[in-house]
Structure formats: structure tokens, C-alpha cells
Number of protein chains: 2
Amino acid sequence: MPIKLNDTYLGQGACRTEAAAFLPLLRDADEKIRNKSGAGNDYVGWIDLPVDYDREEVARIKKTAAAIQAHSDIFVVIGIGGSYLGAKAAIDFLRSPNYNTIRKRTPDIYFIGNSFSGSEILEVISLCEGKDVSVNVVSKSGTTTESAIAFRVMLSYMQSRYSKDELRRRIFATTDAHTGALKQLADENGFETYVVPEDIGGRFSVLSAVGLLPIAVCGADIDKILAGAAAEREALFAAGLSNDAYKYALYRNAFLADGKEVEILCSYEPALRSLTEWWKQLFGESEGKDGKGIFPASAIFSTDLHSMGQYIQDGRRMLFETVVRQTECGCALKVPYDEADVDKLNYIAGESLFDVNEKAFLGTLYAHRDGGVPSLVVEYERRDEFSFGALVYFFCLACAASAYILGVNPFNQPGVEAYKKNMFALLGKPGYEKEREALLAKINS
Amino acid sequence: MPIKLNDTYLGQGACRTEAAAFLPLLRDADEKIRNKSGAGNDYVGWIDLPVDYDREEVARIKKTAAAIQAHSDIFVVIGIGGSYLGAKAAIDFLRSPNYNTIRKRTPDIYFIGNSFSGSEILEVISLCEGKDVSVNVVSKSGTTTESAIAFRVMLSYMQSRYSKDELRRRIFATTDAHTGALKQLADENGFETYVVPEDIGGRFSVLSAVGLLPIAVCGADIDKILAGAAAEREALFAAGLSNDAYKYALYRNAFLADGKEVEILCSYEPALRSLTEWWKQLFGESEGKDGKGIFPASAIFSTDLHSMGQYIQDGRRMLFETVVRQTECGCALKVPYDEADVDKLNYIAGESLFDVNEKAFLGTLYAHRDGGVPSLVVEYERRDEFSFGALVYFFCLACAASAYILGVNPFNQPGVEAYKKNMFALLGKPGYEKEREALLAKINS
């Protein structure tokens, strides 16, 4: 399998027995996944996506990305939640968390429409001045408030800069194939559209056009991402019930049953920080319902060992860790030798930072284990497209299995509506008059 | 008080009674703080720092920052944990989370030496090519492995570019006043030094030279930051036991006693994301010990309502939220009117995004409250230096009080040594031979 779950560091503890106890539930989950017969089965399009994707659309994405690279200095992606987290994770992982400041031939990429911060939108517009710009707005409906506001502002800015013909070369909508406000807007204006698959929810959608267009613009090879996902899919299903994604799902449920309510996804590579944010949505939104679910947290080590490390080592014991670990040295930088050795580092002079990092990883793992925080290790080879696609698929399948074992629908998110309902009521949205009355009464009581 | 704790949204629930039950412990904590008589009382220099700081050093910081602004395109800050988190929080808060890409007259600022990632260091060095560079290395001892390695690499790079004389204008060490490897290195090379106060721990040090030099380089007025902290200090101590920082400390302990083990610090302004990271170190490292403490998490809303929102609304009920809220409209951007109204946003056309954000805040707060997640609200006026200094002081005092109430030493971090000890053992550091033998035996067993 391209992605490996390394559970050797758990020792021979109780968690193995507990994980085994969830096997009957896993068998049930696996059936639901294979037969697409579980709760939320309208949203399992991601399962076959890596082998079943729309070839014509992917070809079109590559063509569009090349055009954007050729005629744009800045590429603005408008979307919230699953409409931007996967693309951001990929760009950081494949290029750099400092992507916009590194020297490169591809456009700067800014993500807006994921908050109500006006200063964020205005800042990006000010950066666009004097530069050539393209926009990708990503929204299934086109009425998600954050993204729709940002797109109104951005569209009006683009109209002030470009002719109608030129706008058609610069604005791209990723949205529902047939209906919705954004589809209508795009069709009326002649903007090219890409499809948010109707059977894939936002947090599972990074391998669709939702993620692939921005990822292609950053210069990554999206065919290889899909190939990595396809290889991981094949390996996982070939291994049946004992595959590593399922194993991860089993352990997570065993840990939770053991009172470990918080999982920290960590990596020793700063370029994975956005991937951990994507993961938090994937697992938090899939499992956090009906009063259940593991609270998903994240950390980059050794960075955050100097902030969260104390708590993890010695705070309340309700934690476990999952380390996403790179197995192949990605960078040849070595600790330089220094004659004077004032800082006393010569004992590691000549060692690669990769090897030092490995020892930080192993040392931390045993320290945390001694402190009562066990670690699973998810291993990928290197920061390339193939591994990214494989990691995405691994976590998606693990998440579906884990949520089914937990006894919840992995594919809905009813709780996300609660804040929206109240917000619409306060904003005076037509149709929310009763909610407004009730909420104002509550606020004024 | 410049910073207000707004607890009106808690309603009349049990948490008020529970908070009151901690009053005797608060009285005790307050005495320890005022008399500097509690555990860790060697590290309470931050209490009087805003009125008691070294005027000469602050003047020197301003002069140095002006020189760096004049002769450098890039300013590299080397430090980990408390040696960079506060400065990063300030730069994001006062300028922008996209500080390095916005148009400005001040240098780009990169933070390295906070991980073992070789690619991160090499990337920053490649950005330095053809640019003028200054470096600030921040380490009390000078032997913190992550920072010391990065400084070795960076120093060797700087030596390849600049003469010895020029290096003295471009390298600045913030370190112990008298001893340690970095102090020695700086003195031998003639690098200007600034002081890590001996009575202030890393996570409480942002208002010392540790934070102030990088913050001054970004163009912020550090006098106003200190003035904000001084004003907050005066207001808090004038209000005695009923001050808002103490009130926050009481509520936190009441929530924890009620089984709310995870606190999410959230803000509706993306520019506060780094501040939440600083806060996680402050509280996590101060309280997470002896098997105790609230697990600190963070979120930016409404952004993360589309990732963590489902869990918060409807997952396991062990959460409370503290919202850091701006009270003054900081940006005039309004929702544009659109004749066609395809996206159905005209009902809020003309509303400022600030007001929409306010309604998202209030709507979310009531939604989460209904879902069993209560919210405290910490209010600041606007994103300026005064508020930043005040927020820092507010949280520092609240943290000390909260940790004393919890019954732990707020100022030590013994658990951070555990991973270091194992790492040194694996790296073969002289003096760790026995630890190495023991750890290898454990690993191979």
C-alpha cells in the first residue's frame, strides 16, 4: 500500500485487544461502504472517483490551468470549508506553505470567501492592482453567504478591470452540474464551469474539480494525484478487512472507548499544517454528531512541542496522537560543522536534518508513550503528487469506516445549519421571520 | 479596562455559582501574584514589565528596527516556542497574516529555527538571494537544538555574503544578559545583543526584547504596545479580585470542574489566528501538568464553522468557547447591490461586512449555547498596538491566576524536557549515554 499504518509503537497494550473487539462493527461498516448501503449513501461518489472520474473534465482542467498560468499573476479561489481546504492542503504539501512568496513561474494563489473579514477581501484586491487576475469560485449552490459576498465583491472588481470577453477567460465556476445560483450566474455570463459532483460532499471532494483546478494552477500534476488515490484505493480494497485504513478506524474507536477523546494529528514537516486542517474537517464533521466523536486537533512538531508539548506530555490524559510521517529524506541539508562549537552542536555535525527530525520523532513518540499518550503512525514516502492522492484516499476511507463503527452517518453535517439559521434570522433574511422573532426574544430575555 | 470579559451570554446558569465557589482559591492566587510568593515566583517579571521595562533597551530596539528597515529587504527571526509566537501574533494582528505578500515599506519577515525542516531553512535562504538580509536569533541559552541548527546554517550563509563589519550591522542576538552559548557567540563576533529577562519565561516574554524587536521591524509602534499593557495592568489591579482577567480564570476553572476539558479560543477575524497559537502555548504550557489542565484549541470563525462547526454544535459535550471579539468596525467594505440578485444577497446589500460578521458571531453564540457549548467573550476595541498590548497582559494575568487556582505552577514546563532527553539520547549527545542505552533497549524490545 502506498500509505502504511505503523502500529508497532503501541506496544502490546490493551488497545490491540480493544481494537479487535470492534471487528464485527468494522465488518458491518465495510459492507456499507462496498455496497454503498449505509447511512448517507447518496454521498459515496468519492469511493470510485479515482478510477471513475470524468476524463474530459480533467483534461479541460489541465488546459484551463495552463491558460491561467500563462495569462495571470494572481489566482483567487473563493470558497469555504471543503471548497478550499483540500486545495490549500495540496499546494502547501506539494509546493510550500510559503507558496505565494517563493520564486516560481505559476501565479500567486489567494483563498478568500472563507470568512466575513472585509479587510481580507480588500487586501487581496489591493494585491491584484496592476497584476493580471483570474478567479475560481467554488460553491455547490452559489448561495453560501461567505463565498457569495466575496464573489460579488470580486466580480464587481473584475468587471471594472476586464471586458466581458476577457472575463470569460478569467472567471471559472466550480458548482452544481445543473442547478443553483452560481450555475445560473455562470451560464448567463458565459463563465466556464466545472462540476461539484452531486454524490460527493465538500470534505470528500478534493480529488474532484473542486480541488483539482486550483491544484493544477500551482503547477502540480493532477494525473499523478489521481493515480496515487487509485493505487491506494486498489491496495486498500485488495487487503480487505485488514487494510491499514480500516486498522486506523479500529484503533481510533478503541482509543475513544478508552476515554481518549482528543486525537492530535501531527507531522514533523511544516508543509503538512494545511493537510492537518483538511483532516480536522474530514473527521470532525463526519464524526462529531449525536454527542459523539473524537475531538480533532493538530500540531506540527517539533515546532509545537514548544507550545503544546507540555500539555501532551503531562496534562489531562485524554489524548492520543496520529503522526503523519515521511519515510524518504526530502532535503539534503546537513548540520554544518563549526570549529569553535560554542553552541555544542558538533556532535551532530554532518547529520542531515531529516535524520535529526527522525530522532525527534522517535524520541517524542517514546516520551509521549511514557506520559500516557499512545501514537499511531501513518507513513507516506515523499511530498509528491502520488503520496498526496494516496493520503487523501487513505483518510477518506478510514473516516467513513470509523464513523460507521461509531454509529453515525459519515456524510451529513446537520449541525452546520444551526449557526446559519440564527445568522439568517439576525440578518433579516426573507423566510426567517419566525426564527428572528424567537431569537430576538431569547437575546433580550 | 481596555479589555472586557463579557459574560452576559452565559445566561444565569450553574457556571456562575460554580465560578463563585472558586473565589477562595482566587483570593489565594491573587496574593501569590501580588506578593510574588507563589510557585515559580522566580518568573514573575512580566507582572511589572509594562511599567518597569528597560527604557534604554526599548530606545535601542527602535533605533535598530529603523536601521533594519532601511538596509534590509528580508528579516529572518530564528526562535522556537515563546521566542517567536508572540512576535508572529503581533505582526499578523497589527499588519496582516499575509504580511510578506502585502505592499509595504518594511522588510519581509520569516520565522525559522522552529522545526527541524531542512526545506524550510533552504527555502528562506533561496528567498534571500539577491536581497539584503538581517537576522535576529532569539534563544536564552543559545543551545536550543532547533534554533541553534538554523542559526549555524544562517550564520554561515550570512558570512558568505557579508564582511565581518557588515555582519555586525545585520545580526542581532536576543539572549541571556550574561551567560550562555549565544551570549558568548554574540560577544565574540560583536553582534548587538538584547536581553531575554531572567525572570520571565518564554511564553510570557512577548513584551520584552524577545517580541519587541521583530514587532518594531514590521513597522508597529512598540511604545503603544507597552502603553496598552500598562493601561490594562493598572485597570486590572485597580479592580482587585473582581477584575475581568480573574473572572476569566474563575470561569475557566468552573467549566473544567463541570467536565468541559477543551477550550476553543476563537475569533471572527483571520488576523487573530497567530494570536490563538500564542494563547495555546500560554495556557497549555502553564496549566497542562500533573495530569491537569484544559486542553487548548483554537478556531477562526466563520471559516472553521465549515470544518469544526459540526463537532462544536453536536459532538461530545466537553467544550466551551472563548471568543476574542473586536468591538469597533475596522473595515468599511459593504455587501454590494446587484440588480439581478441571482445569489439572493440583496437583503443585506449595503450592510458592512463587519455587521454581517457581528451577526454571525451572535447567531453562532446562541446556536452553540443551545448545543451545550457556552461562550465567554473577551472584547478589544480595534486591531491596534494598544489593544494588542492590553490583550497580552489580560491573558498573561488570567493565565497565572487560572493556573494557581488549578493548583499548578504556572511558570515551569518540566514536560518539555522529556522529548529532548530522548532525542539527545538517540542523537548520541555526550552525557546522555545511559539514557541512550535505556531507550534503545526499550525500542528494540
# chains A, B, ... in the order shown; residues from 1 in each chain; ligands from 1

$ calpha_fit_and_write --fixed "chain B" --moving "chain A" --output "compact mmCIF listing (two decimals) with C-alpha atoms, in the first residue's frame"
# COMPACT_ATOMS: atom_id res chain seq x y z
CA MET A 1 -10.45 48.34 31.34
CA PRO A 2 -9.14 48.23 27.78
CA ILE A 3 -10.10 44.55 27.61
CA LYS A 4 -13.53 43.43 28.77
CA LEU A 5 -14.80 39.99 29.66
CA ASN A 6 -18.38 39.82 28.54
CA ASP A 7 -20.15 37.04 30.41
CA THR A 8 -23.72 38.10 29.67
CA TYR A 9 -24.14 35.32 27.12
CA LEU A 10 -23.70 32.64 29.77
CA GLY A 11 -27.23 33.29 31.00
CA GLN A 12 -28.00 32.60 34.65
CA GLY A 13 -26.71 29.04 34.55
CA ALA A 14 -24.85 26.93 37.05
CA CYS A 15 -21.44 28.16 35.88
CA ARG A 16 -21.91 31.43 37.79
CA THR A 17 -22.43 29.59 41.06
CA GLU A 18 -19.57 27.25 40.31
CA ALA A 19 -17.27 30.14 39.45
CA ALA A 20 -18.12 31.80 42.75
CA ALA A 21 -17.11 28.62 44.55
CA PHE A 22 -13.55 29.18 43.35
CA LEU A 23 -13.36 32.61 44.99
CA PRO A 24 -11.32 31.48 48.00
CA LEU A 25 -8.79 29.91 45.63
CA LEU A 26 -8.73 33.10 43.58
CA ARG A 27 -8.04 35.14 46.69
CA ASP A 28 -5.10 32.89 47.37
CA ALA A 29 -3.93 33.14 43.75
CA ASP A 30 -4.17 36.91 43.83
CA GLU A 31 -1.99 37.04 46.92
CA LYS A 32 0.59 34.85 45.26
CA ILE A 33 0.60 37.13 42.25
CA ARG A 34 0.71 40.43 44.14
CA ASN A 35 3.28 39.27 46.66
CA LYS A 36 5.20 37.23 44.13
CA SER A 37 5.09 34.43 46.64
CA GLY A 38 3.61 31.52 44.68
CA ALA A 39 5.21 28.54 42.94
CA GLY A 40 7.50 29.69 40.15
CA ASN A 41 7.93 33.12 41.70
CA ASP A 42 11.33 33.49 40.04
CA TYR A 43 9.42 34.04 36.80
CA VAL A 44 6.99 36.83 37.53
CA GLY A 45 8.97 39.64 35.93
CA TRP A 46 6.19 40.07 33.35
CA ILE A 47 3.85 41.44 36.04
CA ASP A 48 5.60 44.79 36.27
CA LEU A 49 7.31 44.78 32.89
CA PRO A 50 4.91 47.25 31.22
CA VAL A 51 5.86 49.94 33.74
CA ASP A 52 9.27 48.70 34.68
CA TYR A 53 10.96 47.96 31.38
CA ASP A 54 14.46 48.98 30.38
CA ARG A 55 13.87 52.33 28.63
CA GLU A 56 17.36 52.38 27.19
CA GLU A 57 16.85 48.97 25.60
CA VAL A 58 13.48 49.89 24.09
CA ALA A 59 15.04 53.04 22.61
CA ARG A 60 17.83 50.88 21.18
CA ILE A 61 15.28 48.44 19.73
CA LYS A 62 13.53 51.28 17.91
CA LYS A 63 16.84 52.55 16.53
CA THR A 64 17.86 49.08 15.40
CA ALA A 65 14.47 48.42 13.82
CA ALA A 66 14.73 51.65 11.84
CA ALA A 67 18.20 50.66 10.64
CA ILE A 68 16.97 47.19 9.63
CA GLN A 69 14.03 48.73 7.79
CA ALA A 70 16.45 51.00 5.95
CA HIS A 71 19.06 48.44 4.93
CA SER A 72 17.19 45.10 4.69
CA ASP A 73 14.64 43.54 2.36
CA ILE A 74 14.31 40.43 4.50
CA PHE A 75 14.44 40.00 8.25
CA VAL A 76 14.88 36.43 9.48
CA VAL A 77 13.82 35.63 13.05
CA ILE A 78 15.28 32.44 14.49
CA GLY A 79 13.51 31.06 17.56
CA ILE A 80 11.07 28.44 18.78
CA GLY A 81 8.07 28.50 21.13
CA GLY A 82 7.90 31.69 23.14
CA SER A 83 10.83 33.01 21.12
CA TYR A 84 8.67 33.58 18.04
CA LEU A 85 4.95 33.02 18.74
CA GLY A 86 4.31 36.41 20.33
CA ALA A 87 6.06 38.36 17.58
CA LYS A 88 4.22 36.42 14.90
CA ALA A 89 0.92 37.03 16.68
CA ALA A 90 1.61 40.76 16.77
CA ILE A 91 2.67 41.04 13.13
CA ASP A 92 -0.44 39.20 11.93
CA PHE A 93 -2.69 41.21 14.25
CA LEU A 94 -1.20 44.62 13.52
CA ARG A 95 -0.29 44.28 9.86
CA SER A 96 -1.66 41.13 8.19
CA PRO A 97 -1.44 37.32 8.14
CA ASN A 98 -0.27 37.95 4.56
CA TYR A 99 2.36 40.39 5.80
CA ASN A 100 5.06 39.05 3.49
CA THR A 101 2.96 39.49 0.37
CA ILE A 102 1.33 42.86 1.01
CA ARG A 103 2.86 46.02 -0.43
CA LYS A 104 4.84 47.77 2.28
CA ARG A 105 8.00 49.69 3.06
CA THR A 106 9.15 47.36 5.82
CA PRO A 107 11.14 44.13 5.28
CA ASP A 108 9.61 40.72 4.73
CA ILE A 109 9.87 38.73 7.96
CA TYR A 110 10.48 34.97 8.04
CA PHE A 111 10.47 32.78 11.13
CA ILE A 112 12.81 29.78 11.05
CA GLY A 113 14.54 27.60 13.61
CA ASN A 114 11.19 26.45 14.96
CA SER A 115 11.37 22.98 13.38
CA PHE A 116 13.89 20.50 12.01
CA SER A 117 12.63 20.99 8.48
CA GLY A 118 15.61 21.47 6.21
CA SER A 119 13.47 22.51 3.28
CA GLU A 120 12.05 25.38 5.33
CA ILE A 121 15.53 26.78 6.03
CA LEU A 122 16.72 26.31 2.45
CA GLU A 123 13.60 27.98 1.11
CA VAL A 124 14.20 31.08 3.20
CA ILE A 125 17.84 31.18 2.14
CA SER A 126 16.81 30.95 -1.50
CA LEU A 127 14.45 33.89 -0.92
CA CYS A 128 17.40 35.85 0.50
CA GLU A 129 19.40 35.57 -2.73
CA GLY A 130 19.86 39.00 -4.27
CA LYS A 131 18.18 40.67 -1.31
CA ASP A 132 19.64 42.42 1.72
CA VAL A 133 19.14 40.45 4.88
CA SER A 134 19.24 40.89 8.65
CA VAL A 135 18.88 38.20 11.29
CA ASN A 136 17.57 38.14 14.85
CA VAL A 137 18.36 34.97 16.75
CA VAL A 138 16.31 34.56 19.91
CA SER A 139 17.35 31.99 22.48
CA LYS A 140 18.02 32.31 26.18
CA SER A 141 20.74 29.67 26.15
CA GLY A 142 21.74 29.50 22.52
CA THR A 143 21.71 25.72 22.67
CA THR A 144 18.05 25.02 21.86
CA THR A 145 18.64 22.48 19.10
CA GLU A 146 16.14 23.69 16.49
CA SER A 147 17.20 27.32 16.71
CA ALA A 148 20.91 26.61 17.10
CA ILE A 149 20.98 24.49 13.91
CA ALA A 150 19.10 27.15 11.95
CA PHE A 151 21.45 29.83 13.25
CA ARG A 152 24.53 27.80 12.26
CA VAL A 153 23.16 27.47 8.74
CA MET A 154 22.06 31.09 8.55
CA LEU A 155 25.26 32.47 10.03
CA SER A 156 27.32 30.56 7.54
CA TYR A 157 25.12 31.92 4.74
CA MET A 158 25.44 35.49 6.05
CA GLN A 159 29.22 35.08 6.30
CA SER A 160 29.29 34.07 2.65
CA ARG A 161 27.52 37.31 1.76
CA TYR A 162 28.76 40.00 4.13
CA SER A 163 32.02 41.25 5.67
CA LYS A 164 32.61 40.93 9.39
CA ASP A 165 31.84 44.62 9.85
CA GLU A 166 28.65 44.34 7.87
CA LEU A 167 27.56 41.26 9.85
CA ARG A 168 27.65 43.42 12.98
CA ARG A 169 25.03 45.68 11.40
CA ARG A 170 22.90 42.71 10.38
CA ILE A 171 22.90 40.10 13.11
CA PHE A 172 21.19 40.67 16.44
CA ALA A 173 21.02 38.25 19.33
CA THR A 174 18.26 38.28 21.93
CA THR A 175 19.58 36.14 24.75
CA ASP A 176 20.59 35.92 28.38
CA ALA A 177 22.13 39.13 29.72
CA HIS A 178 25.27 37.45 30.99
CA THR A 179 25.83 33.82 30.13
CA GLY A 180 25.20 31.08 27.60
CA ALA A 181 26.39 30.00 24.18
CA LEU A 182 24.56 32.67 22.24
CA LYS A 183 25.75 35.47 24.50
CA GLN A 184 29.31 34.21 24.06
CA LEU A 185 28.93 33.88 20.27
CA ALA A 186 27.46 37.37 20.02
CA ASP A 187 30.16 38.95 22.15
CA GLU A 188 32.96 37.21 20.25
CA ASN A 189 31.55 38.38 16.92
CA GLY A 190 30.49 41.81 18.07
CA PHE A 191 26.79 41.23 17.41
CA GLU A 192 24.49 43.58 19.24
CA THR A 193 22.54 41.84 21.99
CA TYR A 194 19.13 42.28 23.60
CA VAL A 195 18.02 40.68 26.80
CA VAL A 196 15.74 37.73 27.49
CA PRO A 197 14.83 38.78 31.03
CA GLU A 198 15.96 36.19 33.53
CA ASP A 199 12.70 36.46 35.48
CA ILE A 200 10.34 36.00 32.49
CA GLY A 201 9.65 32.64 30.86
CA GLY A 202 9.37 32.31 27.10
CA ARG A 203 5.60 32.26 26.85
CA PHE A 204 5.31 35.44 28.96
CA SER A 205 8.07 37.29 27.10
CA VAL A 206 6.43 38.95 24.09
CA LEU A 207 6.57 42.42 25.68
CA SER A 208 10.32 42.09 26.26
CA ALA A 209 13.01 42.42 23.57
CA VAL A 210 12.09 38.87 22.51
CA GLY A 211 8.93 40.14 20.87
CA LEU A 212 9.59 43.86 20.58
CA LEU A 213 12.46 43.83 18.10
CA PRO A 214 10.66 41.80 15.37
CA ILE A 215 7.44 43.69 16.07
CA ALA A 216 9.21 47.02 15.67
CA VAL A 217 10.72 45.85 12.38
CA CYS A 218 7.24 45.25 10.94
CA GLY A 219 6.52 48.93 11.50
CA ALA A 220 4.42 48.74 14.64
CA ASP A 221 4.75 51.30 17.43
CA ILE A 222 6.12 49.34 20.37
CA ASP A 223 5.64 52.23 22.79
CA LYS A 224 1.92 51.95 22.22
CA ILE A 225 2.03 48.20 22.81
CA LEU A 226 3.70 48.79 26.16
CA ALA A 227 1.22 51.58 26.91
CA GLY A 228 -1.68 49.22 26.21
CA ALA A 229 -0.20 46.60 28.51
CA ALA A 230 0.43 49.23 31.21
CA ALA A 231 -3.13 50.54 30.97
CA GLU A 232 -4.53 47.02 31.21
CA ARG A 233 -2.26 46.24 34.16
CA GLU A 234 -3.37 49.32 36.02
CA ALA A 235 -7.05 48.68 35.32
CA LEU A 236 -6.85 45.04 36.36
CA PHE A 237 -5.06 45.62 39.62
CA ALA A 238 -7.26 48.61 40.42
CA ALA A 239 -10.33 46.40 40.07
CA GLY A 240 -8.93 43.92 42.57
CA LEU A 241 -10.45 40.49 42.87
CA SER A 242 -13.34 41.31 40.59
CA ASN A 243 -11.20 42.22 37.59
CA ASP A 244 -12.04 40.65 34.27
CA ALA A 245 -8.85 38.60 33.92
CA TYR A 246 -9.58 36.95 37.27
CA LYS A 247 -13.19 36.46 36.22
CA TYR A 248 -11.98 34.65 33.14
CA ALA A 249 -9.76 32.49 35.36
CA LEU A 250 -12.70 31.67 37.62
CA TYR A 251 -14.98 30.68 34.76
CA ARG A 252 -12.32 28.49 33.17
CA ASN A 253 -11.91 26.54 36.38
CA ALA A 254 -15.68 26.30 36.82
CA PHE A 255 -16.05 24.93 33.31
CA LEU A 256 -13.30 22.40 33.87
CA ALA A 257 -14.90 21.28 37.13
CA ASP A 258 -18.05 20.79 35.09
CA GLY A 259 -16.28 18.40 32.69
CA LYS A 260 -15.53 20.91 29.97
CA GLU A 261 -12.00 19.76 29.26
CA VAL A 262 -11.43 21.57 25.97
CA GLU A 263 -11.45 25.34 25.48
CA ILE A 264 -11.66 26.72 21.98
CA LEU A 265 -10.29 30.23 21.63
CA CYS A 266 -11.99 31.68 18.60
CA SER A 267 -12.12 34.91 16.69
CA TYR A 268 -14.11 36.14 13.73
CA GLU A 269 -11.05 37.87 12.32
CA PRO A 270 -8.46 35.78 10.40
CA ALA A 271 -5.71 38.17 11.54
CA LEU A 272 -6.03 36.66 15.03
CA ARG A 273 -5.07 33.10 14.07
CA SER A 274 -1.48 33.51 15.25
CA LEU A 275 -2.68 35.13 18.47
CA THR A 276 -4.65 31.96 19.17
CA GLU A 277 -1.45 29.94 18.65
CA TRP A 278 0.38 32.17 21.13
CA TRP A 279 -2.53 31.70 23.56
CA LYS A 280 -2.35 27.91 23.18
CA GLN A 281 1.24 27.92 24.36
CA LEU A 282 0.48 30.36 27.17
CA PHE A 283 -2.34 28.32 28.67
CA GLY A 284 -1.33 24.82 27.56
CA GLU A 285 2.20 25.07 28.89
CA SER A 286 1.18 26.89 32.07
CA GLU A 287 -1.66 24.56 33.06
CA GLY A 288 -1.03 21.24 31.32
CA LYS A 289 0.81 19.42 34.07
CA ASP A 290 0.32 16.96 36.90
CA GLY A 291 -2.46 15.35 34.83
CA LYS A 292 -4.42 18.59 34.94
CA GLY A 293 -5.39 21.48 32.72
CA ILE A 294 -7.82 22.44 29.99
CA PHE A 295 -6.83 21.29 26.50
CA PRO A 296 -6.37 24.50 24.49
CA ALA A 297 -7.72 24.51 20.94
CA SER A 298 -8.41 27.34 18.56
CA ALA A 299 -10.55 28.29 15.60
CA ILE A 300 -11.24 31.18 13.28
CA PHE A 301 -14.92 31.73 12.57
CA SER A 302 -16.87 31.70 10.40
CA THR A 303 -14.07 29.94 8.45
CA ASP A 304 -13.83 26.96 10.77
CA LEU A 305 -17.57 26.73 11.36
CA HIS A 306 -17.32 24.99 8.00
CA SER A 307 -14.86 22.44 9.39
CA MET A 308 -15.07 22.27 13.19
CA GLY A 309 -18.58 23.73 13.43
CA GLN A 310 -20.40 20.43 13.20
CA TYR A 311 -18.37 18.93 16.04
CA ILE A 312 -18.78 22.00 18.22
CA GLN A 313 -22.52 22.11 17.63
CA ASP A 314 -23.24 18.44 18.06
CA GLY A 315 -20.22 16.30 19.04
CA ARG A 316 -19.09 15.23 22.51
CA ARG A 317 -20.11 17.78 25.10
CA MET A 318 -16.80 18.63 26.76
CA LEU A 319 -16.27 22.03 25.16
CA PHE A 320 -16.53 25.69 25.95
CA GLU A 321 -15.56 28.64 23.84
CA THR A 322 -13.85 31.93 24.46
CA VAL A 323 -14.47 34.40 21.66
CA VAL A 324 -11.97 37.22 21.18
CA ARG A 325 -14.18 39.90 19.69
CA GLN A 326 -13.41 43.23 18.11
CA THR A 327 -15.96 45.88 19.07
CA GLU A 328 -15.11 48.62 16.59
CA CYS A 329 -15.70 48.33 12.85
CA GLY A 330 -12.26 48.07 11.31
CA CYS A 331 -13.16 47.98 7.64
CA ALA A 332 -15.83 49.80 5.69
CA LEU A 333 -16.43 47.16 3.01
CA LYS A 334 -20.15 46.71 2.34
CA VAL A 335 -22.10 43.98 0.59
CA PRO A 336 -22.57 45.35 -2.96
CA TYR A 337 -26.04 45.67 -4.47
CA ASP A 338 -26.67 43.58 -7.56
CA GLU A 339 -29.68 44.25 -9.79
CA ALA A 340 -30.10 40.62 -10.87
CA ASP A 341 -29.76 39.22 -7.32
CA VAL A 342 -29.22 35.68 -8.58
CA ASP A 343 -27.38 34.81 -5.36
CA LYS A 344 -30.23 36.33 -3.28
CA LEU A 345 -27.92 38.54 -1.23
CA ASN A 346 -29.72 41.83 -1.82
CA TYR A 347 -31.46 41.56 1.54
CA ILE A 348 -28.08 42.50 3.06
CA ALA A 349 -26.86 44.80 0.29
CA GLY A 350 -25.38 47.92 1.86
CA GLU A 351 -24.62 46.19 5.16
CA SER A 352 -20.99 46.36 6.22
CA LEU A 353 -19.17 43.04 6.42
CA PHE A 354 -18.35 43.99 10.00
CA ASP A 355 -22.06 43.98 10.83
CA VAL A 356 -22.65 40.71 9.00
CA ASN A 357 -19.74 39.24 10.94
CA GLU A 358 -21.29 40.50 14.17
CA LYS A 359 -24.48 38.66 13.36
CA ALA A 360 -22.55 35.53 12.51
CA PHE A 361 -20.92 35.91 15.94
CA LEU A 362 -24.18 36.37 17.81
CA GLY A 363 -26.02 33.70 15.84
CA THR A 364 -23.23 31.21 16.42
CA LEU A 365 -23.04 32.01 20.10
CA TYR A 366 -26.70 31.21 20.62
CA ALA A 367 -26.51 28.15 18.39
CA HIS A 368 -23.58 26.76 20.35
CA ARG A 369 -25.21 27.64 23.65
CA ASP A 370 -28.31 25.71 22.58
CA GLY A 371 -25.97 22.87 21.65
CA GLY A 372 -24.46 22.81 25.14
CA VAL A 373 -21.32 24.83 24.43
CA PRO A 374 -21.23 28.05 26.48
CA SER A 375 -19.20 31.07 25.38
CA LEU A 376 -17.22 33.71 27.16
CA VAL A 377 -16.40 36.82 25.16
CA VAL A 378 -13.15 38.77 25.51
CA GLU A 379 -13.57 42.18 23.90
CA TYR A 380 -10.93 44.51 22.47
CA GLU A 381 -11.54 47.71 20.57
CA ARG A 382 -9.61 47.50 17.34
CA ARG A 383 -6.57 45.90 15.79
CA ASP A 384 -3.99 48.37 17.02
CA GLU A 385 -0.90 48.37 19.18
CA PHE A 386 -2.70 49.48 22.32
CA SER A 387 -5.23 46.63 22.13
CA PHE A 388 -2.51 44.10 21.37
CA GLY A 389 -0.52 45.05 24.46
CA ALA A 390 -3.68 45.03 26.55
CA LEU A 391 -4.76 41.59 25.25
CA VAL A 392 -1.34 40.14 26.01
CA TYR A 393 -1.42 41.45 29.55
CA PHE A 394 -5.00 40.34 30.10
CA PHE A 395 -4.26 36.77 29.07
CA CYS A 396 -0.97 36.59 30.99
CA LEU A 397 -2.57 37.66 34.25
CA ALA A 398 -5.61 35.45 33.66
CA CYS A 399 -3.31 32.52 32.97
CA ALA A 400 -1.28 32.94 36.13
CA ALA A 401 -4.44 33.21 38.23
CA SER A 402 -6.10 30.29 36.49
CA ALA A 403 -3.09 28.01 36.97
CA TYR A 404 -2.78 28.90 40.65
CA ILE A 405 -6.48 28.18 41.13
CA LEU A 406 -5.96 24.86 39.37
CA GLY A 407 -3.15 24.15 41.80
CA VAL A 408 -0.17 24.05 39.48
CA ASN A 409 2.96 26.15 38.99
CA PRO A 410 2.11 28.46 36.07
CA PHE A 411 5.74 29.16 35.23
CA ASN A 412 7.52 25.85 34.73
CA GLN A 413 7.38 23.34 31.89
CA PRO A 414 9.07 20.16 33.09
CA GLY A 415 7.29 18.03 30.49
CA VAL A 416 9.02 19.76 27.60
CA GLU A 417 12.28 18.11 28.61
CA ALA A 418 11.01 14.56 28.04
CA TYR A 419 11.20 14.58 24.25
CA LYS A 420 14.49 16.46 24.33
CA LYS A 421 16.06 13.88 26.63
CA ASN A 422 15.04 11.04 24.32
CA MET A 423 16.11 12.96 21.24
CA PHE A 424 19.50 13.75 22.72
CA ALA A 425 19.89 10.10 23.65
CA LEU A 426 19.11 8.98 20.09
CA LEU A 427 21.36 11.65 18.58
CA GLY A 428 24.23 10.46 20.77
CA LYS A 429 24.70 13.70 22.64
CA PRO A 430 27.60 13.51 25.09
CA GLY A 431 26.28 13.02 28.62
CA TYR A 432 23.25 11.03 27.49
CA GLU A 433 24.94 7.64 27.22
CA LYS A 434 22.85 5.96 29.92
CA GLU A 435 19.60 7.38 28.56
CA ARG A 436 20.62 6.14 25.11
CA GLU A 437 21.20 2.62 26.34
CA ALA A 438 17.90 2.53 28.18
CA LEU A 439 15.91 3.98 25.29
CA LEU A 440 17.46 1.70 22.66
CA ALA A 441 16.66 -1.28 24.87
CA LYS A 442 13.06 -0.11 25.05
CA ILE A 443 12.85 0.45 21.30
CA ASN A 444 14.34 -2.95 20.49
CA SER A 445 12.25 -4.85 22.98

$ select_by_dssp --residues "region 181-400 of chain B" --states "strand (DSSP E)" --output "ChimeraX atom specification"
/B:192-195,262-267,295-300,319-326,375-380

$ select_by_dssp --residues "region 185-304 of chain B" --states "helix (DSSP H, G or I)" --output "ChimeraX atom specification"
/B:185-189,202-204,209-217,222-238,240-242,244-257,270-287,303-304
